[in-house]
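Q: The structure file data30.cif (mmCIF, C-alpha atoms and all ligand atoms) is provided below.
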```cif
data_run
#
loop_
_atom_site.group_PDB
_atom_site.id
_atom_site.type_symbol
_atom_site.label_atom_id
_atom_site.label_comp_id
_atom_site.auth_asym_id
_atom_site.auth_seq_id
_atom_site.Cartn_x
_atom_site.Cartn_y
_atom_site.Cartn_z
ATOM 1 C CA MET A 8 -7.772 18.680 3.319
ATOM 2 C CA ARG A 9 -9.192 16.189 0.889
ATOM 3 C CA THR A 10 -7.899 12.679 1.618
ATOM 4 C CA THR A 11 -8.549 9.401 -0.172
ATOM 5 C CA VAL A 12 -7.646 6.016 1.273
ATOM 6 C CA ILE A 13 -7.066 3.398 -1.420
ATOM 7 C CA VAL A 14 -7.759 -0.180 -0.380
ATOM 8 C CA PRO A 15 -6.915 -2.844 -2.974
ATOM 9 C CA THR A 16 -8.873 -6.037 -2.466
ATOM 10 C CA TYR A 17 -8.739 -9.558 -3.719
ATOM 11 C CA ASN A 18 -10.819 -12.091 -1.788
ATOM 12 C CA GLU A 19 -11.292 -9.962 1.301
ATOM 13 C CA ARG A 20 -15.036 -10.341 1.875
ATOM 14 C CA GLU A 21 -14.500 -11.353 5.508
ATOM 15 C CA ASN A 22 -12.134 -8.483 6.281
ATOM 16 C CA LEU A 23 -13.597 -5.534 4.407
ATOM 17 C CA PRO A 24 -16.663 -4.905 6.642
ATOM 18 C CA HIS A 25 -14.379 -4.909 9.711
ATOM 19 C CA LEU A 26 -12.022 -2.427 8.111
ATOM 20 C CA ILE A 27 -14.855 -0.070 7.167
ATOM 21 C CA ALA A 28 -16.368 -0.418 10.666
ATOM 22 C CA GLU A 29 -13.018 0.533 12.240
ATOM 23 C CA LEU A 30 -12.686 3.518 9.899
ATOM 24 C CA ASP A 31 -16.242 4.544 10.730
ATOM 25 C CA LYS A 32 -15.497 4.407 14.462
ATOM 26 C CA LEU A 33 -12.586 6.779 14.026
ATOM 27 C CA SER A 34 -14.829 9.190 12.090
ATOM 28 C CA LEU A 35 -11.923 10.416 10.012
ATOM 29 C CA ASP A 36 -12.609 12.937 7.324
ATOM 30 C CA VAL A 37 -11.535 10.656 4.480
ATOM 31 C CA ASP A 38 -12.963 9.010 1.403
ATOM 32 C CA VAL A 39 -12.246 5.325 0.876
ATOM 33 C CA LEU A 40 -11.721 3.884 -2.578
ATOM 34 C CA ILE A 41 -11.843 0.100 -2.746
ATOM 35 C CA VAL A 42 -10.168 -1.308 -5.853
ATOM 36 C CA ASP A 43 -11.496 -4.815 -6.333
ATOM 37 C CA ASP A 44 -10.259 -7.200 -8.989
ATOM 38 C CA ASN A 45 -13.477 -9.146 -9.462
ATOM 39 C CA SER A 46 -12.679 -11.270 -6.413
ATOM 40 C CA PRO A 47 -14.137 -14.761 -6.791
ATOM 41 C CA ASP A 48 -15.344 -14.672 -3.169
ATOM 42 C CA GLY A 49 -17.719 -11.766 -3.928
ATOM 43 C CA THR A 50 -15.750 -8.966 -2.232
ATOM 44 C CA GLY A 51 -17.006 -6.630 -4.974
ATOM 45 C CA ALA A 52 -20.645 -7.078 -3.910
ATOM 46 C CA VAL A 53 -19.708 -6.622 -0.246
ATOM 47 C CA ALA A 54 -17.904 -3.409 -1.206
ATOM 48 C CA GLU A 55 -20.972 -2.177 -3.107
ATOM 49 C CA ALA A 56 -23.174 -2.815 -0.074
ATOM 50 C CA LEU A 57 -20.736 -0.837 2.104
ATOM 51 C CA ALA A 58 -20.710 1.994 -0.429
ATOM 52 C CA ARG A 59 -24.513 2.162 -0.277
ATOM 53 C CA ARG A 60 -24.379 2.422 3.499
ATOM 54 C CA HIS A 61 -21.572 5.002 3.725
ATOM 55 C CA GLU A 62 -21.369 7.882 1.277
ATOM 56 C CA TRP A 63 -17.591 8.148 1.889
ATOM 57 C CA VAL A 64 -16.986 4.623 0.522
ATOM 58 C CA HIS A 65 -16.463 4.176 -3.233
ATOM 59 C CA VAL A 66 -15.658 1.153 -5.343
ATOM 60 C CA LEU A 67 -13.646 0.653 -8.492
ATOM 61 C CA HIS A 68 -14.261 -2.716 -10.110
ATOM 62 C CA ARG A 69 -11.666 -4.207 -12.403
ATOM 63 C CA PRO A 70 -12.385 -7.227 -14.587
ATOM 64 C CA GLY A 71 -9.880 -9.654 -13.074
ATOM 65 C CA LYS A 72 -6.758 -10.067 -10.976
ATOM 66 C CA LEU A 73 -4.481 -7.488 -12.542
ATOM 67 C CA GLY A 74 -2.089 -7.211 -9.609
ATOM 68 C CA LEU A 75 -1.474 -4.960 -6.661
ATOM 69 C CA GLY A 76 0.719 -2.404 -8.443
ATOM 70 C CA THR A 77 -1.812 -1.621 -11.147
ATOM 71 C CA ALA A 78 -4.598 -1.565 -8.523
ATOM 72 C CA TYR A 79 -2.737 1.247 -6.764
ATOM 73 C CA VAL A 80 -2.171 3.042 -10.073
ATOM 74 C CA ALA A 81 -5.868 2.846 -10.988
ATOM 75 C CA GLY A 82 -6.751 4.127 -7.521
ATOM 76 C CA PHE A 83 -4.217 6.977 -7.725
ATOM 77 C CA ARG A 84 -5.671 8.099 -11.042
ATOM 78 C CA LEU A 85 -9.209 8.303 -9.693
ATOM 79 C CA ALA A 86 -8.179 9.928 -6.424
ATOM 80 C CA LEU A 87 -6.117 12.586 -8.213
ATOM 81 C CA ALA A 88 -8.908 13.263 -10.706
ATOM 82 C CA ASP A 89 -11.204 13.680 -7.733
ATOM 83 C CA GLY A 90 -8.922 16.363 -6.283
ATOM 84 C CA ALA A 91 -7.437 14.431 -3.363
ATOM 85 C CA GLU A 92 -4.503 16.208 -1.748
ATOM 86 C CA ARG A 93 -3.445 13.278 0.422
ATOM 87 C CA ILE A 94 -3.605 9.730 -0.901
ATOM 88 C CA LEU A 95 -3.223 6.871 1.545
ATOM 89 C CA THR A 96 -2.854 3.214 0.714
ATOM 90 C CA MET A 97 -3.554 0.338 3.080
ATOM 91 C CA ASP A 98 -4.336 -3.375 3.016
ATOM 92 C CA ALA A 99 -7.866 -4.611 3.588
ATOM 93 C CA ASP A 100 -6.927 -7.300 6.094
ATOM 94 C CA LEU A 101 -6.393 -5.026 9.135
ATOM 95 C CA SER A 102 -2.662 -5.686 9.144
ATOM 96 C CA HIS A 103 -2.517 -1.933 8.700
ATOM 97 C CA HIS A 104 -4.709 -0.734 11.517
ATOM 98 C CA PRO A 105 -6.738 2.427 10.804
ATOM 99 C CA ARG A 106 -5.797 3.811 14.243
ATOM 100 C CA TYR A 107 -2.445 4.777 12.723
ATOM 101 C CA ILE A 108 -4.009 6.919 9.991
ATOM 102 C CA PRO A 109 -4.102 10.120 12.088
ATOM 103 C CA ARG A 110 -0.372 9.715 12.799
ATOM 104 C CA LEU A 111 0.385 9.249 9.118
ATOM 105 C CA LEU A 112 -1.657 12.328 8.240
ATOM 106 C CA GLU A 113 -0.001 14.348 10.984
ATOM 107 C CA ALA A 114 3.459 13.384 9.717
ATOM 108 C CA SER A 115 2.460 14.257 6.162
ATOM 109 C CA ARG A 116 2.440 17.935 7.172
ATOM 110 C CA GLU A 117 6.192 17.596 7.394
ATOM 111 C CA TYR A 118 6.953 14.850 4.864
ATOM 112 C CA ASP A 119 5.993 14.332 1.232
ATOM 113 C CA VAL A 120 5.626 10.599 1.715
ATOM 114 C CA VAL A 121 4.906 8.913 5.032
ATOM 115 C CA ILE A 122 5.344 5.189 5.531
ATOM 116 C CA GLY A 123 3.751 3.137 8.286
ATOM 117 C CA SER A 124 6.952 1.335 9.104
ATOM 118 C CA ARG A 125 7.798 -1.942 10.809
ATOM 119 C CA TYR A 126 11.498 -1.244 10.823
ATOM 120 C CA VAL A 127 11.897 1.929 12.834
ATOM 121 C CA GLN A 128 11.989 2.188 16.614
ATOM 122 C CA GLY A 129 8.590 1.309 18.047
ATOM 123 C CA GLY A 130 7.495 -0.610 14.947
ATOM 124 C CA GLY A 131 7.285 -4.365 14.453
ATOM 125 C CA THR A 132 5.284 -7.384 13.340
ATOM 126 C CA ARG A 133 2.884 -9.586 15.325
ATOM 127 C CA HIS A 134 1.872 -13.150 14.596
ATOM 128 C CA TRP A 135 3.994 -13.462 11.490
ATOM 129 C CA PRO A 136 5.788 -16.777 11.056
ATOM 130 C CA TRP A 137 9.545 -16.449 11.559
ATOM 131 C CA TYR A 138 10.335 -17.105 7.896
ATOM 132 C CA ARG A 139 8.151 -14.178 6.763
ATOM 133 C CA VAL A 140 9.790 -11.875 9.289
ATOM 134 C CA LEU A 141 13.199 -12.990 8.095
ATOM 135 C CA LEU A 142 12.331 -12.690 4.387
ATOM 136 C CA SER A 143 10.791 -9.261 4.770
ATOM 137 C CA TRP A 144 13.568 -7.916 6.980
ATOM 138 C CA GLY A 145 16.209 -9.445 4.703
ATOM 139 C CA ALA A 146 14.607 -7.983 1.576
ATOM 140 C CA ASN A 147 14.534 -4.514 3.094
ATOM 141 C CA THR A 148 18.103 -4.687 4.362
ATOM 142 C CA PHE A 149 19.273 -5.895 0.956
ATOM 143 C CA ALA A 150 17.385 -3.163 -0.906
ATOM 144 C CA ARG A 151 18.745 -0.468 1.395
ATOM 145 C CA ALA A 152 22.306 -1.655 1.024
ATOM 146 C CA MET A 153 22.186 -2.210 -2.738
ATOM 147 C CA LEU A 154 20.351 0.971 -3.673
ATOM 148 C CA GLY A 155 21.608 3.222 -0.909
ATOM 149 C CA LEU A 156 18.053 3.865 0.266
ATOM 150 C CA ARG A 157 17.470 5.666 3.529
ATOM 151 C CA THR A 158 13.945 4.263 3.992
ATOM 152 C CA HIS A 159 13.811 1.336 6.434
ATOM 153 C CA ASP A 160 10.525 -0.252 5.323
ATOM 154 C CA CYS A 161 10.611 -0.125 1.528
ATOM 155 C CA THR A 162 7.976 -2.821 0.935
ATOM 156 C CA ALA A 163 5.279 -1.474 3.258
ATOM 157 C CA GLY A 164 1.909 -0.828 1.633
ATOM 158 C CA PHE A 165 0.716 1.507 4.392
ATOM 159 C CA ARG A 166 1.579 4.943 3.067
ATOM 160 C CA CYS A 167 0.467 8.505 2.706
ATOM 161 C CA TYR A 168 1.512 10.472 -0.377
ATOM 162 C CA ARG A 169 1.091 14.107 -1.094
ATOM 163 C CA ARG A 170 -0.685 14.677 -4.387
ATOM 164 C CA GLU A 171 2.377 16.362 -5.959
ATOM 165 C CA VAL A 172 4.484 13.264 -5.328
ATOM 166 C CA LEU A 173 2.172 10.986 -7.283
ATOM 167 C CA GLN A 174 1.983 13.494 -10.101
ATOM 168 C CA ALA A 175 5.775 13.691 -10.253
ATOM 169 C CA ILE A 176 6.785 10.044 -9.985
ATOM 170 C CA GLU A 177 4.375 8.842 -12.681
ATOM 171 C CA PRO A 178 3.589 5.510 -11.040
ATOM 172 C CA HIS A 179 1.866 4.221 -14.201
ATOM 173 C CA THR A 180 5.292 3.911 -15.802
ATOM 174 C CA ILE A 181 6.382 1.391 -13.160
ATOM 175 C CA ARG A 182 6.052 -2.028 -14.653
ATOM 176 C CA SER A 183 6.666 -4.213 -11.636
ATOM 177 C CA ASN A 184 3.849 -5.359 -9.411
ATOM 178 C CA GLY A 185 3.420 -6.397 -5.771
ATOM 179 C CA TYR A 186 6.287 -5.639 -3.389
ATOM 180 C CA SER A 187 8.485 -4.683 -6.333
ATOM 181 C CA PHE A 188 6.099 -1.870 -7.184
ATOM 182 C CA LEU A 189 6.258 -0.531 -3.645
ATOM 183 C CA LEU A 190 10.018 -0.753 -3.622
ATOM 184 C CA GLU A 191 10.320 1.033 -6.934
ATOM 185 C CA VAL A 192 8.071 3.844 -5.748
ATOM 186 C CA VAL A 193 10.384 4.397 -2.760
ATOM 187 C CA TYR A 194 13.393 4.333 -5.074
ATOM 188 C CA ARG A 195 11.870 6.975 -7.356
ATOM 189 C CA CYS A 196 10.784 9.152 -4.459
ATOM 190 C CA GLU A 197 14.278 9.111 -2.957
ATOM 191 C CA ARG A 198 15.906 9.782 -6.330
ATOM 192 C CA GLN A 199 13.647 12.751 -6.898
ATOM 193 C CA GLY A 200 14.449 14.092 -3.467
ATOM 194 C CA TRP A 201 11.003 13.866 -1.893
ATOM 195 C CA ARG A 202 11.123 13.829 1.898
ATOM 196 C CA ILE A 203 10.138 10.432 3.243
ATOM 197 C CA GLY A 204 9.097 10.019 6.871
ATOM 198 C CA GLU A 205 8.489 6.753 8.691
ATOM 199 C CA VAL A 206 5.936 6.363 11.462
ATOM 200 C CA PRO A 207 6.230 3.179 13.558
ATOM 201 C CA ILE A 208 3.391 0.691 13.252
ATOM 202 C CA ILE A 209 2.815 -2.781 14.597
ATOM 203 C CA PHE A 210 1.908 -4.910 11.618
ATOM 204 C CA ALA A 211 -0.460 -7.678 12.735
ATOM 205 C CA ASP A 212 -0.878 -10.729 10.540
ATOM 206 C CA ARG A 213 -4.283 -11.113 8.941
ATOM 207 C CA ARG A 214 -6.729 -13.166 11.000
ATOM 208 C CA ARG A 215 -9.101 -13.973 8.141
ATOM 209 C CA GLY A 216 -8.483 -15.080 4.575
ATOM 210 C CA ALA A 217 -5.189 -15.920 2.946
ATOM 211 C CA SER A 218 -2.265 -13.815 1.786
ATOM 212 C CA LYS A 219 -2.207 -13.251 -1.967
ATOM 213 C CA ILE A 220 1.387 -12.218 -2.050
ATOM 214 C CA SER A 221 3.461 -15.306 -2.636
ATOM 215 C CA LYS A 222 6.939 -15.854 -1.272
ATOM 216 C CA GLN A 223 7.959 -15.677 -4.907
ATOM 217 C CA GLU A 224 7.171 -11.955 -4.715
ATOM 218 C CA ILE A 225 10.081 -11.446 -2.343
ATOM 219 C CA TYR A 226 12.449 -13.053 -4.826
ATOM 220 C CA ARG A 227 10.966 -10.937 -7.602
ATOM 221 C CA ALA A 228 11.593 -7.867 -5.494
ATOM 222 C CA MET A 229 15.212 -8.943 -5.188
ATOM 223 C CA CYS A 230 15.429 -9.067 -9.000
ATOM 224 C CA THR A 231 13.954 -5.561 -9.105
ATOM 225 C CA VAL A 232 16.699 -4.411 -6.727
ATOM 226 C CA TRP A 233 19.343 -5.863 -9.031
ATOM 227 C CA ARG A 234 17.708 -4.267 -12.084
ATOM 228 C CA LEU A 235 17.574 -0.856 -10.437
ATOM 229 C CA ARG A 236 21.151 -1.230 -9.250
ATOM 230 C CA LEU A 237 22.486 -2.282 -12.652
ATOM 231 C CA CYS A 238 20.270 -0.376 -15.097
ATOM 232 C CA GLY A 239 18.807 2.447 -12.999
ATOM 233 C CA ASP A 240 15.295 3.669 -13.574
ATOM 234 C CA VAL A 241 14.995 2.600 -17.201
ATOM 235 C CA THR A 242 11.262 1.970 -17.086
ATOM 236 C CA ARG A 243 10.582 5.681 -16.981
ATOM 237 C CA GLN A 244 9.265 7.027 -20.265
HETATM 238 N N1 LIG B 301 -7.083 -5.302 -6.393
HETATM 239 C C1 LIG B 301 -6.120 -6.173 -6.025
HETATM 240 N N2 LIG B 301 -5.780 -6.288 -4.730
HETATM 241 C C2 LIG B 301 -4.817 -7.176 -4.396
HETATM 242 C C3 LIG B 301 -4.150 -7.990 -5.351
HETATM 243 N N3 LIG B 301 -3.233 -8.768 -4.688
HETATM 244 C C4 LIG B 301 -3.345 -8.459 -3.373
HETATM 245 N N4 LIG B 301 -4.304 -7.506 -3.195
HETATM 246 C C5 LIG B 301 -4.710 -6.843 -1.926
HETATM 247 O O1 LIG B 301 -3.549 -6.162 -1.467
HETATM 248 C C6 LIG B 301 -3.473 -6.201 -0.049
HETATM 249 C C7 LIG B 301 -2.155 -6.874 0.361
HETATM 250 O O2 LIG B 301 -2.167 -8.240 0.022
HETATM 251 P P1 LIG B 301 -1.934 -9.388 1.104
HETATM 252 O O3 LIG B 301 -2.359 -10.666 0.511
HETATM 253 O O4 LIG B 301 -2.552 -9.027 2.417
HETATM 254 O O5 LIG B 301 -0.345 -9.353 1.243
HETATM 255 P P2 LIG B 301 0.554 -9.581 2.546
HETATM 256 O O6 LIG B 301 -0.002 -8.714 3.625
HETATM 257 O O7 LIG B 301 1.931 -9.216 2.142
HETATM 258 O O8 LIG B 301 0.399 -11.031 2.879
HETATM 259 C C8 LIG B 301 -4.724 -6.929 0.422
HETATM 260 O O9 LIG B 301 -5.728 -5.991 0.734
HETATM 261 C C9 LIG B 301 -5.101 -7.774 -0.800
HETATM 262 O O10 LIG B 301 -6.472 -8.104 -0.854
HETATM 263 C C10 LIG B 301 -4.540 -7.843 -6.724
HETATM 264 O O11 LIG B 301 -4.029 -8.496 -7.632
HETATM 265 N N5 LIG B 301 -5.515 -6.920 -7.012
HETATM 266 MG MG MG B 302 -1.810 -8.604 4.278
#
```
For this file, produce the structure as structure tokens.

A:
Amino acid sequence: MRTTVIVPTYNERENLPHLIAELDKLSLDVDVLIVDDNSPDGTGAVAEALARRHEWVHVLHRPGKLGLGTAYVAGFRLALADGAERILTMDADLSHHPRYIPRLLEASREYDVVIGSRYVQGGGTRHWPWYRVLLSWGANTFARAMLGLRTHDCTAGFRCYRREVLQAIEPHTIRSNGYSFLLEVVYRCERQGWRIGEVPIIFADRRRGASKISKQEIYRAMCTVWRLRLCGDVTRQ
């Protein structure tokens, strides 16, 4: 089955070669699509060098930092056009370890969307400062309660979608970015009745580089929860 792994990058030149090396070691039958937003640290050139070395690595360059949500959308479009039947998303910083990919793919036989989840039995976070753990856990608990979601980790970026799901939810019509985008995708999937499975993962904090997602993002995600609660899915055209 044709599978594409989308890896959005912004200033990940130190992490990207490690990620690709780990993927290579696993010799998974997947294509990798790096979506780089013209990272000032030269991640784009590093990605190009990796693509020259491995024929399964591809790069999409965007002109500037356009945000995580639209990076996913651009990646989805290319992957779907390329005929991918499974589309995975993961961070470049090894917080989402590639060793979990086989489990996500296995679960995707049964589920339409599979989430590498910190908040199901066996999952968790390592080396995250207490305030990030609290914010993330709080945001997820709040979203679940307010929107009646069944998914435990609504803001996780480690996912596997079946092609039909991405065609049906029309992610390009989601306006929010960052964690809000991820949350809204879960909301749409649940509303449309797609089966969502969660596979436990241990999320390790990045060892190199800095997080690009500001704490502000969490508060923005809370606003998204309120908007969805009060107005429903009005962004859909
Ligand atoms: N292309 C692109 N990638 C981004 C952008 N913002 C974050 N990323 C990437 O998205 C992933 C998640 O971001 P990260 O900073 O690790 O967030 P955190 O894990 O929540 O701290 C990483 O691979 C980032 O390089 C963006 O605006 N554009
Ligand atoms: Mg990260």

Q: For the file shown, what are the residues hit by the PyMOL selection byres (((chain A and resi 232) around 10) and not hetatm), laid out as a PyMOL selection string?

A: chain A and resi 146+149-154+187+190-191+194+226-231+233-239

Q: Determine the nearest neighbour of ligand MG 302 (chain B) from the options A:Ser143, A:Ser102, A:Thr50, A:Ser115, counting all atoms listed in the file.

A: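 Counting all atoms listed in the file, the residue closest to ligand MG 302 (chain B) is A:Ser102.
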
Q: Could you tell me which residues the PyMOL selection byres (((chain A and resi 16) around 6) and not hetatm) grabs in this file, written as a list in words?

A: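 In the shown coordinates, the PyMOL selection byres (((chain A and resi 16) around 6) and not hetatm) covers Pro15, Tyr17, Glu19, Val42 and Asp43 of chain A.
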
Q: Would you list the residues that come within 8 Å of ligand LIG 301 (chain B)? Count all atoms listed in the file and give the answer as a PyMOL selection string.

A: chain A and resi 14-19+42-44+69+71-79+97-100+102+164+185-186+212-213+217-221

Q: Can you tell me which residues surround range 129-136 of chain A at a distance of at most 10 Å, considering all atoms listed in the file, apart from same-chain residues fewer than 3 positions away, and format the answer as an NGL selection string?

A: :A and (102 or 123-126 or 139-141 or 205-214)

Q: As a check of understanding, name the residues that the PyMOL selection byres (((chain A and resi 165-172) around 9) and not hetatm) selects in the supplied structure, as number ranges by chain.

A: A: 12, 87, 90-98, 103, 108, 111-112, 115, 118-124, 163-164, 173-177, 196, 201

Q: Measuring atom to atom with all atoms listed in the file, identify which of A:Asn22, A:Ser46, A:Asp240, A:Arg106 is nearest to ligand MG 302 (chain B).

A: A:Asn22

Q: Rounded to one decimal place, report the CA of His25 in chain A-CA of Thr11 in chain A distance in Å.

A: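 That distance, rounded to one decimal, is 18.3 Å.
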
Q: Find the residue from A:Trp144, A:Pro105, A:Ile203, A:Ala114 that sits nearest to Ser34 in chain A; use all atoms listed in the file when measuring.

A: A:Pro105

Q: Just the number, please: distance in Å from CA of Ile13 in chain A to CA of Gly82 in chain A, one decimal.

A: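 A separation of 6.2 Å between them.
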
Q: Out of A:Leu85, A:Leu101, A:Val127, A:Ile225, which residue has the shortest atom-to-atom distance to ligand MG 302 (chain B) when counting all atoms listed in the file?

A: A:Leu101

Q: Which is closer to Arg215 in chain A than all the others in A:Ala88, A:Ala56, A:Leu23, A:Met8, using all atoms listed in the file?

A: A:Leu23

Q: Distance atom MG of ligand MG 302 (chain B)-CA of Tyr107 in chain A, one decimal place?

A: 15.8 Å

Q: Using only C-alpha atoms and all ligand atoms, which residue out of A:Thr162, A:Arg116, A:Asp48, A:Val193 lies closest to ligand MG 302 (chain B)?

A: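 Among A:Thr162, A:Arg116, A:Asp48, A:Val193, it is A:Thr162 that comes nearest to ligand MG 302 (chain B).
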